[in-house]
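Engineer: Please find one structure pasted underneath; my questions will follow.
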Amino acid sequence: MDADHEGHPSDTGPFADPARYTTLPRLTGLALSPDGSRLVACVQQPDSKGARYVSCIWQIPLQGGEPVRLTRSERGEASPAFLPSGELLFISARSGGSEGSDGTGDGTADDEAALWLLPAGGEARLIARSPGGVASPVVAADSGTVVVSGSRLAWTAPDGDDGARRKTRAERGVSAILHTGMPIRHWDHELGEESPRLLAFGGGELRDLTPHAGQALHETSCSITADGTTVVTNWRSRRRGGRFDRVLVGIDVASGEHTVLADEDGIDYVAPVISPDGTMIAVGRNFGGDYERPLAESVQLRRTDGSSEPVLPDLGDVFPHEWAFSRDSRTLYVAGDLHGRGAVVAVDAATGAATHLLAVDASYSCLCPSPDGRYVYALRSAVECAPTPVRLDTRIEAQVPRPLPTPAPTPQLPGTLVELDTTAPDGSTLHGWLCLPPAGEQPCPVMLWIHGGPFSSWNSWSWRWNPWVAVARGYAVLLPDPALSTGYGEGSLRRAWPHRAGVVWRDLETLLDDVLDRFDLDRDHVACLGASFGGYMTNWIAGHTDRFGAIVTHAGLWALDQQHATTDGAQWKTGIFGTPAEHPDWYAENSPHNFVDNIATPMLIVHGNRDYRVPISEALRLWWDLVSRYDGTPETMPHRFLQLTGENHWVLSPANAQLWYDTVLGFCDQHVLGRECLPSTLL
């Protein structure tokens, strides 16, 4: 054992115990009633067996008081949406046709997710069910028309019995899919077995608005006009060569007829939102990039009648994630990344001019403008604060938001947060955060964490990769935003485009060397960890330096010629990087597997079998390359492979999340600090 780092901190909070940490309640969404009097939130916690996270719905008091739980069942409730009457819709797979006034059910039936209604007073009741389940209710603000997403089996005739076909396939164990094109996978599920649909609810029944959409509606969203006459959505339009773009489509609710509103080659239209007065559409307009030009994501304002050219608001360095109109339709509020934090921008909907920044202190999501125009309710998240409900005053610039009572408060942190800025070798400013444990007698060991994406930023709370769990273990955690991070303008993307690992590594190492000059950090005891793009970078770094005591690579790309053709995003991977024949120098310099013979650092590989974004084949090949090249006895090989057979790109079950923290921290303790590493009790 390393005498300089003997023992663990005495902190007894939930961050010091992954078994307790993974049970903490977490907020995942907000919805505001039409009259602005009720704000509800979804709260996730493990189920009674600790096997999976389920959510319930709480009401957040706006005028004082404590949050109140509204729903309760073993299967959970999600996707709250209000009717004009103030009654609350939600999605649940709970059993039965009605349940107690608190939503309690026995949860014994393995039902599909259905649409439920909870009146202001009284019992929740089932109002619509469809074979394959429903999700994501969207409500017309005036008429109360409801649209949900659903599905039918891909080869079911328009007048066929979809439920009977599903039952037959299940009883006979049929699992075949006959594909007709790309894509065929997305994140962790197969595509092609079902044909996604939009279903309108009325008269007690669900009516298919998109019977001939085929596979176009996978992973799309929609918005509906206040009068309930028109739905605007985005769906996939297949192109030659296995490519597709997302086009903007309007659907007449009465007839089901659809009209293509925007269709550009190489452009994806995403997350359309119709203004309350029905005159405007705010929609994401995204260019995925090619070998020469970096990705560009923007928000477009379009007149619904096409009477003028679309406008792209000038958001400066804000990298947009979501947007919402004020109730009078005059202002569009846009939330996104900005300079290592986040921001909410107010945009004049008529001109596209950004008028002011409501907040610039944290990352914001679930924007809910109040009907009187005075406030925007949102979830606020920061490195030191889990998502919590807040109120923003629309008249105040760069304000400190007012926190609201929450059923999921952030526990006391086991350390402190320091903001960092330094200069990259090319003169660019680099930003990051340093999470520090309490000062001790000896300098503390350090972890360098590399974020995924790569189009992301360490500007918000993470439940899956939470630095405070490592801080409670005694580590300082460095969270850098290198080149390709979002919220720093196009220059951050262009500096390392297309995904040049060497440029990103120089930024990471520059910020790391900067902080290691601190007296309270131990430069001789450092680990490097990353997931997704961060896992790719840790794989590449392992072949280019031996400065780390341990490297953890989670869902990391290893052999790019293999990964780019097998990922669920093959169409945009190959679109950006081309083939090894087209760009041999790029593949030679940037594919980690080319440098395997240089790896001297103990590596922990973590990968989920159901990961289709970075297929398990990447981990299998990396593991073989490490094991087959190790020239010592098998008993002394330092590398390890944590294979999560039921997980995808992320670790989503509470028990596996606990096991992940146990294994990752234990591996770093062993190889960075020389401590004994005992397997997790869950293995």
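Residues are named by chain letter and number: chains run A, B, ... in the order of the structure tokens, numbers start at 1 in each chain, and ligands are numbered from 1 in the order shown.
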Fewer than 6 positions away in the same chain doesn't count, so skip those; otherwise give me all residues within 12 Å of Glu419 of chain A, counting only C-alpha atoms, as a PyMOL selection string.
Structural biologist: chain A and resi 339-341+383-384+430-436+458-459+478-481+511+515
Engineer: Name the residues in contact with segment 650-652 of chain A at a cut-off of 12 Å, using only C-alpha atoms, excluding same-chain residues fewer than 4 positions from it; report them as a ChimeraX atom specification.
Structural biologist: /A:22,44-46,50-54,187-188,452,462-465,531-532,554-556,606-614,642-646,656-661
Engineer: Of the residues A:Asp17, A:Glu66, A:Glu77, A:Asp162, which is the one nearest to Pro407 of chain A, using only C-alpha atoms?
Structural biologist: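 Smallest distance to Pro407 of chain A is found for A:Glu66.
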Engineer: One decimal, in Å: what's the spacing between atom CA of His649 of chain A and atom CA of Leu178 of chain A?
Structural biologist: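 According to the coordinates, atom CA of His649 of chain A and atom CA of Leu178 of chain A are separated by 25.0 Å.
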Engineer: Just list the residues in segment 438-495 of chain A DSSP gives helix (DSSP H, G or I) on the backbone, as a ChimeraX atom specification.
Structural biologist: /A:467-472,490-494
Engineer: For Leu198 of chain A, which of A:Thr579, A:Gln300, A:Thr538, A:Thr220 is the closest residue, counting only C-alpha atoms?
Structural biologist: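 Selected residue with least distance to Leu198 of chain A: A:Thr220.
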Engineer: Take atom CA of Pro405 of chain A and atom CA of Ser456 of chain A and report the distance between them in Å, one decimal.
Structural biologist: 28.9 Å
Engineer: Excluding same-chain residues fewer than 2 positions from segment 235-248 of chain A, what lies within 9 Å of it counting only C-alpha atoms, as a ChimeraX atom specification?
Structural biologist: /A:181-183,213,215-221,232-233,250,259-270,272,283,570-572,575
Engineer: Go ahead and dump the residues you just picked, C-alpha atoms, as an mmCIF file, in the first residue's frame.
Structural biologist:
data_model
loop_
_atom_site.group_PDB
_atom_site.id
_atom_site.type_symbol
_atom_site.label_atom_id
_atom_site.label_comp_id
_atom_site.auth_asym_id
_atom_site.auth_seq_id
_atom_site.Cartn_x
_atom_site.Cartn_y
_atom_site.Cartn_z
ATOM 1 C CA GLY A 181 -32.686 -0.331 -45.795
ATOM 2 C CA MET A 182 -30.775 1.675 -43.210
ATOM 3 C CA PRO A 183 -30.726 2.326 -40.309
ATOM 4 C CA ALA A 213 -44.969 6.424 -42.619
ATOM 5 C CA GLN A 215 -39.806 3.543 -40.722
ATOM 6 C CA ALA A 216 -39.759 7.339 -41.038
ATOM 7 C CA LEU A 217 -40.847 8.191 -37.497
ATOM 8 C CA HIS A 218 -38.058 6.487 -35.528
ATOM 9 C CA GLU A 219 -36.658 8.794 -32.843
ATOM 10 C CA THR A 220 -38.707 11.831 -33.843
ATOM 11 C CA SER A 221 -40.749 14.389 -31.914
ATOM 12 C CA VAL A 232 -45.604 19.226 -37.174
ATOM 13 C CA THR A 233 -43.004 16.490 -36.868
ATOM 14 C CA GLY A 250 -46.871 18.958 -41.377
ATOM 15 C CA THR A 259 -46.943 18.088 -46.413
ATOM 16 C CA VAL A 260 -43.147 18.337 -46.483
ATOM 17 C CA LEU A 261 -42.273 21.764 -45.079
ATOM 18 C CA ALA A 262 -38.473 21.589 -45.252
ATOM 19 C CA ASP A 263 -36.180 19.083 -46.941
ATOM 20 C CA GLU A 264 -32.467 19.768 -47.495
ATOM 21 C CA ASP A 265 -29.821 17.263 -48.468
ATOM 22 C CA GLY A 266 -27.360 16.820 -45.601
ATOM 23 C CA ILE A 267 -29.548 18.678 -43.094
ATOM 24 C CA ASP A 268 -31.499 17.222 -40.159
ATOM 25 C CA TYR A 269 -34.548 19.079 -38.855
ATOM 26 C CA VAL A 270 -35.158 18.162 -35.204
ATOM 27 C CA PRO A 272 -40.063 21.226 -33.955
ATOM 28 C CA VAL A 283 -36.942 23.834 -35.204
ATOM 29 C CA ALA A 570 -22.667 4.382 -39.782
ATOM 30 C CA GLN A 571 -24.251 6.842 -42.211
ATOM 31 C CA TRP A 572 -22.841 9.906 -40.437
ATOM 32 C CA GLY A 575 -20.081 10.678 -44.052
#
Engineer: Which residues come within 6 Å of segment 390-401 of chain A, counting only C-alpha atoms, excluding same-chain residues fewer than 5 positions away, as a count of residues only?
Structural biologist: 9
Engineer: Based on the backbone DSSP call, show me all residues of segment 202-423 of chain A assigned strand (DSSP E or B), as number ranges by chain.
Structural biologist: A: 202, 205-208, 222-224, 230-238, 244-252, 258-262, 267-274, 280-287, 296-303, 311, 319-325, 331-338, 341-348, 354-359, 363-369, 375-382, 385-393, 402-403, 416-423
Engineer: So which one's closest to Met603 of chain A, A:Ala157, A:Val664, A:Leu332, A:Ala559? Using only C-alpha atoms, please.
Structural biologist: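 Comparing A:Ala157, A:Val664, A:Leu332, A:Ala559 against Met603 of chain A, the winner is A:Val664.
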Engineer: Can you measure atom CA of Glu123 of chain A to atom CA of Trp58 of chain A for me? One decimal in Å is fine.
Structural biologist: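 We find that atom CA of Glu123 of chain A and atom CA of Trp58 of chain A lie 15.6 Å from each other.
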